[in-house]
$ cat final.pdb   # PDB, C-alpha atoms and all ligand atoms
ATOM      1  CA  MET A   1     140.821  85.572  49.230
ATOM      2  CA  ALA A   2     138.922  83.288  51.609
ATOM      3  CA  ARG A   3     140.801  82.218  54.712
ATOM      4  CA  ASP A   4     140.129  79.421  57.134
ATOM      5  CA  SER A   5     139.440  81.094  60.466
ATOM      6  CA  GLU A   6     142.210  78.996  62.015
ATOM      7  CA  ASP A   7     144.654  80.475  59.501
ATOM      8  CA  GLN A   8     144.405  83.853  61.103
ATOM      9  CA  ASP A   9     147.154  83.342  63.607
ATOM     10  CA  MET A  10     148.253  86.940  63.420
ATOM     11  CA  GLU A  11     144.962  88.036  64.923
ATOM     12  CA  THR A  12     145.551  88.968  68.529
ATOM     13  CA  GLU A  13     143.413  89.832  71.483
ATOM     14  CA  THR A  14     143.641  93.153  73.290
ATOM     15  CA  ASN A  15     147.276  93.954  73.645
ATOM     16  CA  GLY A  16     148.175  96.455  76.324
ATOM     17  CA  ALA A  17     151.732  96.850  75.053
ATOM     18  CA  ALA A  18     150.350  98.185  71.772
ATOM     19  CA  GLU A  19     148.426 100.745  73.801
ATOM     20  CA  GLY A  20     151.624 102.018  75.388
ATOM     21  CA  LEU A  21     151.407 100.117  78.698
ATOM     22  CA  ASP A  22     154.521  98.489  80.161
ATOM     23  CA  PRO A  23     154.199  94.677  79.861
ATOM     24  CA  THR A  24     156.785  94.116  82.624
ATOM     25  CA  SER A  25     155.445  93.583  86.137
ATOM     26  CA  ALA A  26     156.761  96.165  88.600
ATOM     27  CA  VAL A  27     156.629  93.465  91.317
ATOM     28  CA  THR A  28     158.377  90.493  89.692
ATOM     29  CA  GLY A  29     160.328  92.265  86.941
ATOM     30  CA  LEU A  30     158.990  89.600  84.544
ATOM     31  CA  PRO A  31     156.760  90.104  81.496
ATOM     32  CA  GLN A  32     153.041  89.564  82.069
ATOM     33  CA  LYS A  33     151.308  87.002  79.876
ATOM     34  CA  ARG A  34     148.169  89.076  79.414
ATOM     35  CA  PHE A  35     150.079  91.462  77.167
ATOM     36  CA  TYR A  36     151.081  88.648  74.833
ATOM     37  CA  ARG A  37     147.856  86.725  74.263
ATOM     38  CA  GLN A  38     147.116  85.249  70.875
ATOM     39  CA  ARG A  39     144.453  82.943  69.519
ATOM     40  CA  ALA A  40     145.098  79.353  70.429
ATOM     41  CA  HIS A  41     145.625  77.763  67.046
ATOM     42  CA  SER A  42     147.889  78.452  64.171
ATOM     43  CA  ASN A  43     147.824  76.563  60.875
ATOM     44  CA  PRO A  44     151.261  74.922  60.702
ATOM     45  CA  ILE A  45     150.792  74.074  57.011
ATOM     46  CA  ALA A  46     150.019  77.623  55.868
ATOM     47  CA  ASP A  47     152.806  79.799  54.550
ATOM     48  CA  HIS A  48     153.866  82.123  57.307
ATOM     49  CA  SER A  49     156.753  84.413  56.715
ATOM     50  CA  PHE A  50     159.753  83.012  58.498
ATOM     51  CA  ASP A  51     163.409  83.727  58.196
ATOM     52  CA  TYR A  52     165.182  80.414  58.493
ATOM     53  CA  PRO A  53     168.759  79.266  57.957
ATOM     54  CA  ALA A  54     169.642  77.391  54.774
ATOM     55  CA  ARG A  55     171.566  74.824  56.864
ATOM     56  CA  PRO A  56     172.442  74.207  60.518
ATOM     57  CA  GLU A  57     175.964  75.636  60.108
ATOM     58  CA  ASP A  58     174.385  78.999  59.313
ATOM     59  CA  VAL A  59     172.568  79.335  62.643
ATOM     60  CA  ASN A  60     173.992  82.089  64.802
ATOM     61  CA  TRP A  61     173.608  80.300  68.157
ATOM     62  CA  ARG A  62     175.735  82.951  69.867
ATOM     63  CA  ALA A  63     172.942  85.464  69.267
ATOM     64  CA  LEU A  64     170.638  83.234  71.318
ATOM     65  CA  TYR A  65     173.030  81.907  73.980
ATOM     66  CA  PRO A  66     175.601  84.560  74.935
ATOM     67  CA  SER A  67     177.988  82.068  76.546
ATOM     68  CA  ILE A  68     177.833  79.187  74.048
ATOM     69  CA  GLN A  69     181.224  78.049  72.744
ATOM     70  CA  PRO A  70     181.901  76.849  69.179
ATOM     71  CA  ASP A  71     182.236  73.236  70.380
ATOM     72  CA  GLN A  72     178.913  73.334  72.290
ATOM     73  CA  LYS A  73     175.558  72.471  70.760
ATOM     74  CA  VAL A  74     171.877  72.714  71.523
ATOM     75  CA  THR A  75     170.787  69.208  72.487
ATOM     76  CA  PHE A  76     167.308  69.621  74.032
ATOM     77  CA  ALA A  77     164.332  70.946  72.030
ATOM     78  CA  ASP A  78     160.906  71.822  73.432
ATOM     79  CA  ILE A  79     158.690  71.724  70.354
ATOM     80  CA  GLY A  80     155.691  74.058  70.558
ATOM     81  CA  CYS A  81     156.995  75.456  73.841
ATOM     82  CA  GLY A  82     154.014  77.791  74.368
ATOM     83  CA  TYR A  83     154.717  80.299  77.123
ATOM     84  CA  GLY A  84     157.973  78.561  78.068
ATOM     85  CA  GLY A  85     157.329  77.273  81.599
ATOM     86  CA  PHE A  86     158.844  73.884  80.886
ATOM     87  CA  LEU A  87     161.789  75.434  79.014
ATOM     88  CA  VAL A  88     162.628  77.458  82.118
ATOM     89  CA  THR A  89     162.474  74.248  84.186
ATOM     90  CA  LEU A  90     164.849  72.537  81.734
ATOM     91  CA  GLY A  91     167.274  75.439  82.059
ATOM     92  CA  GLU A  92     167.247  75.071  85.850
ATOM     93  CA  MET A  93     167.463  71.248  85.889
ATOM     94  CA  PHE A  94     170.224  70.994  83.295
ATOM     95  CA  PRO A  95     172.538  73.993  83.628
ATOM     96  CA  GLU A  96     175.162  72.303  81.445
ATOM     97  CA  LYS A  97     172.767  71.645  78.535
ATOM     98  CA  PHE A  98     171.551  74.133  75.936
ATOM     99  CA  SER A  99     167.787  73.938  75.416
ATOM    100  CA  ILE A 100     165.738  75.619  72.707
ATOM    101  CA  GLY A 101     162.014  76.334  72.735
ATOM    102  CA  MET A 102     160.403  76.431  69.291
ATOM    103  CA  GLU A 103     157.103  78.245  68.985
ATOM    104  CA  ILE A 104     155.107  79.261  65.913
ATOM    105  CA  ARG A 105     152.943  82.030  67.418
ATOM    106  CA  VAL A 106     154.513  85.490  67.246
ATOM    107  CA  LYS A 107     153.197  86.979  70.484
ATOM    108  CA  VAL A 108     153.819  83.795  72.424
ATOM    109  CA  SER A 109     157.419  83.459  71.250
ATOM    110  CA  ASP A 110     157.930  87.185  71.973
ATOM    111  CA  TYR A 111     156.726  86.518  75.516
ATOM    112  CA  VAL A 112     159.178  83.627  75.985
ATOM    113  CA  MET A 113     162.088  85.704  74.645
ATOM    114  CA  ASP A 114     161.200  88.620  76.957
ATOM    115  CA  ARG A 115     160.764  86.212  79.855
ATOM    116  CA  ILE A 116     164.239  84.736  79.315
ATOM    117  CA  THR A 117     165.807  88.192  79.012
ATOM    118  CA  ALA A 118     164.147  89.236  82.286
ATOM    119  CA  LEU A 119     165.198  86.017  84.066
ATOM    120  CA  ARG A 120     168.809  86.475  82.931
ATOM    121  CA  HIS A 121     168.726  90.060  84.114
ATOM    122  CA  LYS A 122     167.281  89.078  87.513
ATOM    123  CA  SER A 123     169.840  86.320  87.926
ATOM    124  CA  GLY A 124     172.617  88.934  87.626
ATOM    125  CA  GLU A 125     176.094  87.646  88.390
ATOM    126  CA  ALA A 126     174.853  84.093  88.953
ATOM    127  CA  GLY A 127     174.493  84.016  85.161
ATOM    128  CA  ALA A 128     171.535  81.621  85.098
ATOM    129  CA  TYR A 129     169.191  81.063  82.131
ATOM    130  CA  LYS A 130     171.912  81.660  79.554
ATOM    131  CA  ASN A 131     171.373  78.046  78.493
ATOM    132  CA  ILE A 132     167.775  78.526  77.273
ATOM    133  CA  ALA A 133     166.429  80.425  74.289
ATOM    134  CA  CYS A 134     163.343  80.587  72.118
ATOM    135  CA  LEU A 135     162.975  80.673  68.346
ATOM    136  CA  ARG A 136     159.855  81.638  66.481
ATOM    137  CA  THR A 137     159.621  79.013  63.801
ATOM    138  CA  ASN A 138     157.464  76.306  62.316
ATOM    139  CA  ALA A 139     158.947  73.153  63.807
ATOM    140  CA  MET A 140     156.979  71.047  61.340
ATOM    141  CA  LYS A 141     158.914  72.571  58.457
ATOM    142  CA  TYR A 142     162.341  73.752  59.509
ATOM    143  CA  LEU A 143     163.922  71.378  62.047
ATOM    144  CA  PRO A 144     166.614  70.075  59.645
ATOM    145  CA  ASN A 145     167.516  73.690  58.868
ATOM    146  CA  TYR A 146     168.457  74.171  62.515
ATOM    147  CA  PHE A 147     169.813  70.803  63.647
ATOM    148  CA  ALA A 148     172.377  68.473  62.135
ATOM    149  CA  LYS A 149     171.793  64.735  61.887
ATOM    150  CA  GLY A 150     171.837  63.147  65.335
ATOM    151  CA  GLN A 151     172.297  66.460  67.170
ATOM    152  CA  LEU A 152     169.415  66.290  69.649
ATOM    153  CA  GLU A 153     169.412  64.199  72.821
ATOM    154  CA  LYS A 154     165.868  64.995  73.862
ATOM    155  CA  MET A 155     162.749  66.341  72.168
ATOM    156  CA  PHE A 156     159.638  67.346  74.067
ATOM    157  CA  PHE A 157     156.089  67.489  72.710
ATOM    158  CA  LEU A 158     154.056  68.656  75.665
ATOM    159  CA  TYR A 159     150.307  69.081  75.343
ATOM    160  CA  PRO A 160     150.474  69.438  71.543
ATOM    161  CA  ASP A 161     147.419  70.903  69.805
ATOM    162  CA  PRO A 162     144.956  67.997  69.404
ATOM    163  CA  HIS A 163     143.339  69.118  66.114
ATOM    164  CA  PHE A 164     140.304  66.955  66.809
ATOM    165  CA  LYS A 165     138.673  66.997  63.355
ATOM    166  CA  ARG A 166     139.783  64.211  61.055
ATOM    167  CA  ALA A 167     140.440  66.716  58.243
ATOM    168  CA  LYS A 168     142.898  68.523  60.519
ATOM    169  CA  HIS A 169     144.806  65.414  61.632
ATOM    170  CA  LYS A 170     147.474  66.367  59.085
ATOM    171  CA  TRP A 171     148.176  69.401  61.277
ATOM    172  CA  ARG A 172     149.121  67.182  64.220
ATOM    173  CA  ILE A 173     152.769  67.748  65.075
ATOM    174  CA  ILE A 174     153.299  64.011  65.511
ATOM    175  CA  ASN A 175     152.427  62.338  62.239
ATOM    176  CA  GLN A 176     153.882  59.588  60.074
ATOM    177  CA  ALA A 177     155.876  61.832  57.737
ATOM    178  CA  LEU A 178     157.385  63.993  60.451
ATOM    179  CA  LEU A 179     158.527  61.093  62.627
ATOM    180  CA  SER A 180     161.296  60.323  60.142
ATOM    181  CA  GLU A 181     162.414  63.950  60.261
ATOM    182  CA  TYR A 182     162.487  63.866  64.067
ATOM    183  CA  ALA A 183     164.480  60.616  63.902
ATOM    184  CA  TYR A 184     166.979  62.365  61.631
ATOM    185  CA  VAL A 185     167.753  65.183  64.093
ATOM    186  CA  LEU A 186     167.720  62.874  67.144
ATOM    187  CA  LYS A 187     170.808  60.939  68.130
ATOM    188  CA  LYS A 188     170.606  57.165  68.580
ATOM    189  CA  GLY A 189     169.395  56.502  72.105
ATOM    190  CA  GLY A 190     167.847  59.992  72.228
ATOM    191  CA  LEU A 191     164.400  60.368  73.783
ATOM    192  CA  VAL A 192     161.077  61.815  72.643
ATOM    193  CA  TYR A 193     158.823  62.870  75.522
ATOM    194  CA  THR A 194     155.102  63.228  74.851
ATOM    195  CA  MET A 195     152.394  64.317  77.254
ATOM    196  CA  THR A 196     148.771  65.183  76.538
ATOM    197  CA  ASP A 197     145.451  65.431  78.328
ATOM    198  CA  VAL A 198     143.590  64.081  75.276
ATOM    199  CA  GLU A 199     143.361  60.284  75.340
ATOM    200  CA  ASP A 200     142.559  59.978  71.642
ATOM    201  CA  LEU A 201     145.681  61.998  70.746
ATOM    202  CA  HIS A 202     147.779  59.901  73.140
ATOM    203  CA  GLN A 203     146.624  56.733  71.362
ATOM    204  CA  TRP A 204     147.392  58.346  68.001
ATOM    205  CA  ILE A 205     150.903  59.262  69.190
ATOM    206  CA  VAL A 206     151.614  55.800  70.603
ATOM    207  CA  GLN A 207     150.281  54.074  67.483
ATOM    208  CA  HIS A 208     152.342  56.184  65.076
ATOM    209  CA  MET A 209     155.516  56.023  67.156
ATOM    210  CA  GLU A 210     155.227  52.255  67.648
ATOM    211  CA  GLU A 211     154.602  51.696  63.942
ATOM    212  CA  HIS A 212     157.742  53.626  63.058
ATOM    213  CA  PRO A 213     160.833  51.400  62.818
ATOM    214  CA  LEU A 214     163.140  53.948  64.478
ATOM    215  CA  TYR A 215     161.392  54.292  67.843
ATOM    216  CA  GLU A 216     160.539  52.058  70.761
ATOM    217  CA  ARG A 217     158.449  53.014  73.757
ATOM    218  CA  LEU A 218     160.153  52.977  77.152
ATOM    219  CA  LYS A 219     158.816  50.538  79.735
ATOM    220  CA  GLU A 220     156.580  52.103  82.358
ATOM    221  CA  GLU A 221     159.254  51.699  85.081
ATOM    222  CA  GLU A 222     161.737  53.555  82.862
ATOM    223  CA  GLU A 223     159.219  56.323  82.176
ATOM    224  CA  GLN A 224     158.486  56.726  85.854
ATOM    225  CA  SER A 225     162.133  56.711  86.970
ATOM    226  CA  ASP A 226     163.179  59.461  84.546
ATOM    227  CA  PRO A 227     163.845  62.576  86.683
ATOM    228  CA  ILE A 228     162.124  64.729  84.045
ATOM    229  CA  THR A 229     158.814  62.833  84.257
ATOM    230  CA  PRO A 230     157.378  64.627  87.335
ATOM    231  CA  LYS A 231     158.055  67.974  85.636
ATOM    232  CA  LEU A 232     156.041  67.004  82.553
ATOM    233  CA  TYR A 233     152.810  67.143  84.527
ATOM    234  CA  GLN A 234     152.798  70.772  85.479
ATOM    235  CA  SER A 235     155.934  72.748  84.618
ATOM    236  CA  SER A 236     154.385  73.970  81.393
ATOM    237  CA  GLU A 237     151.470  76.402  81.378
ATOM    238  CA  GLU A 238     149.215  73.885  79.629
ATOM    239  CA  GLY A 239     150.154  71.140  82.105
ATOM    240  CA  ALA A 240     149.429  73.456  85.043
ATOM    241  CA  LYS A 241     146.008  74.183  83.532
ATOM    242  CA  VAL A 242     145.243  70.456  83.291
ATOM    243  CA  VAL A 243     146.255  69.998  86.938
ATOM    244  CA  ARG A 244     144.047  72.946  87.980
ATOM    245  CA  ASN A 245     141.109  71.484  86.067
ATOM    246  CA  LYS A 246     141.816  68.001  87.503
ATOM    247  CA  GLY A 247     142.181  66.631  83.950
ATOM    248  CA  ASP A 248     143.892  63.434  82.826
ATOM    249  CA  HIS A 249     147.527  63.187  81.797
ATOM    250  CA  PHE A 250     148.793  60.649  79.277
ATOM    251  CA  LEU A 251     152.559  60.202  79.160
ATOM    252  CA  ALA A 252     154.647  58.254  76.665
ATOM    253  CA  ILE A 253     158.420  58.356  76.167
ATOM    254  CA  PHE A 254     160.152  56.813  73.161
ATOM    255  CA  ARG A 255     163.768  55.937  72.444
ATOM    256  CA  ARG A 256     165.324  56.621  69.051
ATOM    257  CA  LEU A 257     166.787  53.296  67.902
TER     258      LEU A 257
HETATM  259  C1  LIG B 301     148.592  73.532  73.456
HETATM  260  S1  LIG B 301     150.027  74.467  73.324
HETATM  261  C2  LIG B 301     151.159  73.721  74.506
HETATM  262  C3  LIG B 301     152.289  74.637  74.857
HETATM  263  C4  LIG B 301     153.326  74.094  75.822
HETATM  264  N1  LIG B 301     154.016  72.940  75.284
HETATM  265  C5  LIG B 301     152.703  73.777  77.140
HETATM  266  O1  LIG B 301     152.681  72.597  77.518
HETATM  267  O2  LIG B 301     152.243  74.720  77.804
HETATM  268  C6  LIG B 301     150.758  73.959  71.770
HETATM  269  C7  LIG B 301     151.781  74.963  71.274
HETATM  270  O3  LIG B 301     152.422  74.486  70.108
HETATM  271  C8  LIG B 301     152.600  75.583  69.222
HETATM  272  N2  LIG B 301     152.754  75.029  67.861
HETATM  273  C9  LIG B 301     151.799  74.419  67.126
HETATM  274  N3  LIG B 301     152.294  74.041  65.932
HETATM  275  C10 LIG B 301     153.593  74.423  65.920
HETATM  276  C11 LIG B 301     154.628  74.329  64.958
HETATM  277  N4  LIG B 301     154.421  73.754  63.784
HETATM  278  N5  LIG B 301     155.844  74.822  65.261
HETATM  279  C12 LIG B 301     156.062  75.420  66.460
HETATM  280  N6  LIG B 301     155.115  75.546  67.410
HETATM  281  C13 LIG B 301     153.900  75.050  67.149
HETATM  282  C14 LIG B 301     151.335  76.383  69.405
HETATM  283  O4  LIG B 301     151.453  77.716  68.952
HETATM  284  C15 LIG B 301     151.144  76.289  70.922
HETATM  285  O5  LIG B 301     151.802  77.322  71.614
END

$ encode --input "final.pdb" --output "structure tokens"
Amino acid sequence: MARDSEDQDMETETNGAAEGLDPTSAVTGLPQKRFYRQRAHSNPIADHSFDYPARPEDVNWRALYPSIQPDQKVTFADIGCGYGGFLVTLGEMFPEKFSIGMEIRVKVSDYVMDRITALRHKSGEAGAYKNIACLRTNAMKYLPNYFAKGQLEKMFFLYPDPHFKRAKHKWRIINQALLSEYAYVLKKGGLVYTMTDVEDLHQWIVQHMEEHPLYERLKEEEEQSDPITPKLYQSSEEGAKVVRNKGDHFLAIFRRL
């Protein structure tokens, strides 16, 4: 059967771990990214094989967050978290909140899970990083399987894949159909943070969010005074790359009405 080359998300680059090398750095005790590389794009519309819960009540959050109590919930979601740099920042900034990173690529989500395990281990008795976790899933398909109506306080879409070609615009993670689904899992007053280095994608995001009746864009002063805003520029791996390359950043934050 013919396959679009971008469908082949399972194809990986040289993987030292598969060759029997230890992916953990002897210096930092953290996993090294080079052992977890994977091609940049994954087709979010293709059928991947995912295990997913039938409904939010079926999610075993305790398996992800060892200290979570039955009355506590995940309220922050980093959608397409990549290698997890921003997720780690969220964990440090908001120790009382439970944040989840959702990532479709196998190797990349494996890296984030190993990174969190190593950070928890290094933190020892301080018990840090027990409030962050990563799930390998397709966030464009399964969000309502994980989150109840109005559960999330914040959703982050940082440097989402731009899918430049018009025919691939349907792959964009912010699109008309999905905005209603995001509104469903977000609580009223909840915030959607978007950041990209691609101006055309930024305009697309702003246009679609502003056209949707359940979102309004924050005023620039509000965007700038949010304590998370400075972290959106370079906490994530993609953001750091844009800073290194002296690229542009386009920020927009929206409130769920
Ligand atoms: C350009 S990267 C940005 C990663 C990260 N947010 C950052 O700023 O470094 C986009 C990420 O979104 C992930 N992704 C794309 N579609 C997804 C989907 N439907 N569900 C979950 N993750 C997805 C990709 O695998 C990729 O890691």

$ residues_near_ligand --input "final.pdb" --ligand "ligand LIG 301 (chain B)" --cutoff "8 Å" --atoms "only C-alpha atoms and all ligand atoms" --output "PyMOL selection string"
chain A and resi 40-45+78-86+102-105+108+136-141+157-162+171-173+235-240

$ residues_around --input "final.pdb" --residues "Asn145 in chain A" --least-positions-apart "6" --cutoff "8 Å" --atoms "all atoms listed in the file" --output "ChimeraX atom specification"
/A:52-56

$ residues_around --input "final.pdb" --residues "Arg256 in chain A" --least-positions-apart "4" --cutoff "6 Å" --atoms "only C-alpha atoms" --output "JSON, numbers by chain"
{"A": [188, 189, 190, 214, 215]}

$ write_last_selection --input "final.pdb" --atoms "C-alpha atoms" --output "PDB file, in the coordinates of the input"
ATOM      1  CA  LYS A 188     170.606  57.165  68.580  1.00  0.00           C
ATOM      2  CA  GLY A 189     169.395  56.502  72.105  1.00  0.00           C
ATOM      3  CA  GLY A 190     167.847  59.992  72.228  1.00  0.00           C
ATOM      4  CA  LEU A 214     163.140  53.948  64.478  1.00  0.00           C
ATOM      5  CA  TYR A 215     161.392  54.292  67.843  1.00  0.00           C
TER       6      TYR A 215
END

$ atom_distance --input "final.pdb" --atom1 "CA of Glu125 in chain A" --atom2 "CA of Ser109 in chain A"
25.7 Å

$ resolve_selection --input "final.pdb" --expression "the PyMOL selection byres (((chain A and resi 116) around 9) and not hetatm)" --output "ChimeraX atom specification"
/A:30,84,88,111-115,117-121,129-130,132-134

$ residues_around --input "final.pdb" --residues "Ile228 in chain A" --least-positions-apart "2" --cutoff "10 Å" --atoms "only C-alpha atoms" --output "ChimeraX atom specification"
/A:89-90,93,193,223-226,230-233

$ closest_residue --input "final.pdb" --among "A:Gly91, A:Gly247, A:Gly150, A:Pro70" --to "Gly127 in chain A" --atoms "all atoms listed in the file"
A:Gly91

$ atom_distance --input "final.pdb" --atom1 "CA of Glu216 in chain A" --atom2 "CA of Val198 in chain A"
21.3 Å

$ axis_aligned_box --input "final.pdb" --around "range 121-127 of chain A" --padding-each-side "8 Å" --output "JSON"
{"center_x": 171.7, "center_y": 87.0, "center_z": 86.5, "size_x": 24.8, "size_y": 22.0, "size_z": 20.8}

$ resolve_selection --input "final.pdb" --expression "the PyMOL selection byres (((chain A and resi 253) around 10) and not hetatm)" --output "PDB file with C-alpha atoms, in the frame of the given file"
ATOM      1  CA  MET A 155     162.749  66.341  72.168  1.00  0.00           C
ATOM      2  CA  PHE A 156     159.638  67.346  74.067  1.00  0.00           C
ATOM      3  CA  LEU A 191     164.400  60.368  73.783  1.00  0.00           C
ATOM      4  CA  VAL A 192     161.077  61.815  72.643  1.00  0.00           C
ATOM      5  CA  TYR A 193     158.823  62.870  75.522  1.00  0.00           C
ATOM      6  CA  THR A 194     155.102  63.228  74.851  1.00  0.00           C
ATOM      7  CA  MET A 195     152.394  64.317  77.254  1.00  0.00           C
ATOM      8  CA  VAL A 206     151.614  55.800  70.603  1.00  0.00           C
ATOM      9  CA  MET A 209     155.516  56.023  67.156  1.00  0.00           C
ATOM     10  CA  TYR A 215     161.392  54.292  67.843  1.00  0.00           C
ATOM     11  CA  GLU A 216     160.539  52.058  70.761  1.00  0.00           C
ATOM     12  CA  ARG A 217     158.449  53.014  73.757  1.00  0.00           C
ATOM     13  CA  LEU A 218     160.153  52.977  77.152  1.00  0.00           C
ATOM     14  CA  LYS A 219     158.816  50.538  79.735  1.00  0.00           C
ATOM     15  CA  GLU A 220     156.580  52.103  82.358  1.00  0.00           C
ATOM     16  CA  GLU A 222     161.737  53.555  82.862  1.00  0.00           C
ATOM     17  CA  GLU A 223     159.219  56.323  82.176  1.00  0.00           C
ATOM     18  CA  GLN A 224     158.486  56.726  85.854  1.00  0.00           C
ATOM     19  CA  ASP A 226     163.179  59.461  84.546  1.00  0.00           C
ATOM     20  CA  THR A 229     158.814  62.833  84.257  1.00  0.00           C
ATOM     21  CA  LEU A 251     152.559  60.202  79.160  1.00  0.00           C
ATOM     22  CA  ALA A 252     154.647  58.254  76.665  1.00  0.00           C
ATOM     23  CA  PHE A 254     160.152  56.813  73.161  1.00  0.00           C
ATOM     24  CA  ARG A 255     163.768  55.937  72.444  1.00  0.00           C
TER      25      ARG A 255
END

$ closest_residue --input "final.pdb" --among "A:Val242, A:Ala128, A:Leu257, A:Ile205" --to "Glu92 in chain A" --atoms "only C-alpha atoms"
A:Ala128

$ atom_distance --input "final.pdb" --atom1 "CA of Pro213 in chain A" --atom2 "CA of Arg166 in chain A"
24.7 Å

$ residues_around --input "final.pdb" --residues "Trp204 in chain A" --least-positions-apart "4" --cutoff "9 Å" --atoms "all atoms listed in the file" --output "list of chain:residue names"
A:Ile174, A:Asn175, A:Glu199, A:Asp200, A:His208, A:Met209

$ closest_residue --input "final.pdb" --among "A:Lys33, A:His202, A:Lys154, A:Lys170" --to "Leu186 in chain A" --atoms "all atoms listed in the file"
A:Lys154

$ decode --input "final.pdb" --residues "range 186-192 of chain A" --atoms "all heavy atoms" --output "PDB file, in the first residue's frame"
ATOM      1  N   LEU A 186     -12.099  22.899  28.318  1.00  0.00           N
ATOM      2  CA  LEU A 186     -11.612  24.066  29.081  1.00  0.00           C
ATOM      3  C   LEU A 186     -12.711  24.614  29.990  1.00  0.00           C
ATOM      4  O   LEU A 186     -13.879  24.667  29.590  1.00  0.00           O
ATOM      5  CB  LEU A 186     -11.243  25.194  28.126  1.00  0.00           C
ATOM      6  CG  LEU A 186      -9.817  25.324  27.661  1.00  0.00           C
ATOM      7  CD1 LEU A 186      -9.750  26.395  26.563  1.00  0.00           C
ATOM      8  CD2 LEU A 186      -8.856  25.699  28.804  1.00  0.00           C
ATOM      9  N   LYS A 187     -12.323  25.080  31.171  1.00  0.00           N
ATOM     10  CA  LYS A 187     -13.338  25.698  32.014  1.00  0.00           C
ATOM     11  C   LYS A 187     -13.585  27.136  31.551  1.00  0.00           C
ATOM     12  O   LYS A 187     -12.716  27.732  30.884  1.00  0.00           O
ATOM     13  CB  LYS A 187     -12.933  25.655  33.475  1.00  0.00           C
ATOM     14  CG  LYS A 187     -11.784  26.549  33.868  1.00  0.00           C
ATOM     15  CD  LYS A 187     -11.436  26.286  35.293  1.00  0.00           C
ATOM     16  CE  LYS A 187     -11.629  27.499  36.162  1.00  0.00           C
ATOM     17  NZ  LYS A 187     -11.253  27.284  37.549  1.00  0.00           N
ATOM     18  N   LYS A 188     -14.723  27.699  31.927  1.00  0.00           N
ATOM     19  CA  LYS A 188     -14.994  29.096  31.577  1.00  0.00           C
ATOM     20  C   LYS A 188     -13.948  29.962  32.233  1.00  0.00           C
ATOM     21  O   LYS A 188     -13.644  29.779  33.418  1.00  0.00           O
ATOM     22  CB  LYS A 188     -16.387  29.499  32.054  1.00  0.00           C
ATOM     23  CG  LYS A 188     -17.455  28.997  31.137  1.00  0.00           C
ATOM     24  CD  LYS A 188     -18.810  29.598  31.468  1.00  0.00           C
ATOM     25  CE  LYS A 188     -19.854  28.919  30.598  1.00  0.00           C
ATOM     26  NZ  LYS A 188     -21.170  28.929  31.159  1.00  0.00           N
ATOM     27  N   GLY A 189     -13.392  30.895  31.496  1.00  0.00           N
ATOM     28  CA  GLY A 189     -12.317  31.735  32.031  1.00  0.00           C
ATOM     29  C   GLY A 189     -10.946  31.103  31.847  1.00  0.00           C
ATOM     30  O   GLY A 189      -9.922  31.740  32.098  1.00  0.00           O
ATOM     31  N   GLY A 190     -10.917  29.837  31.413  1.00  0.00           N
ATOM     32  CA  GLY A 190      -9.635  29.161  31.152  1.00  0.00           C
ATOM     33  C   GLY A 190      -8.904  29.821  29.988  1.00  0.00           C
ATOM     34  O   GLY A 190      -9.504  30.567  29.210  1.00  0.00           O
ATOM     35  N   LEU A 191      -7.607  29.555  29.880  1.00  0.00           N
ATOM     36  CA  LEU A 191      -6.797  30.242  28.867  1.00  0.00           C
ATOM     37  C   LEU A 191      -6.136  29.269  27.894  1.00  0.00           C
ATOM     38  O   LEU A 191      -5.697  28.183  28.287  1.00  0.00           O
ATOM     39  CB  LEU A 191      -5.702  31.076  29.548  1.00  0.00           C
ATOM     40  CG  LEU A 191      -6.174  32.223  30.446  1.00  0.00           C
ATOM     41  CD1 LEU A 191      -4.977  32.902  31.118  1.00  0.00           C
ATOM     42  CD2 LEU A 191      -6.988  33.252  29.662  1.00  0.00           C
ATOM     43  N   VAL A 192      -6.079  29.700  26.632  1.00  0.00           N
ATOM     44  CA  VAL A 192      -5.343  28.969  25.595  1.00  0.00           C
ATOM     45  C   VAL A 192      -4.140  29.830  25.212  1.00  0.00           C
ATOM     46  O   VAL A 192      -4.307  30.973  24.783  1.00  0.00           O
ATOM     47  CB  VAL A 192      -6.223  28.770  24.342  1.00  0.00           C
ATOM     48  CG1 VAL A 192      -5.417  28.133  23.215  1.00  0.00           C
ATOM     49  CG2 VAL A 192      -7.437  27.920  24.662  1.00  0.00           C
TER      50      VAL A 192
END
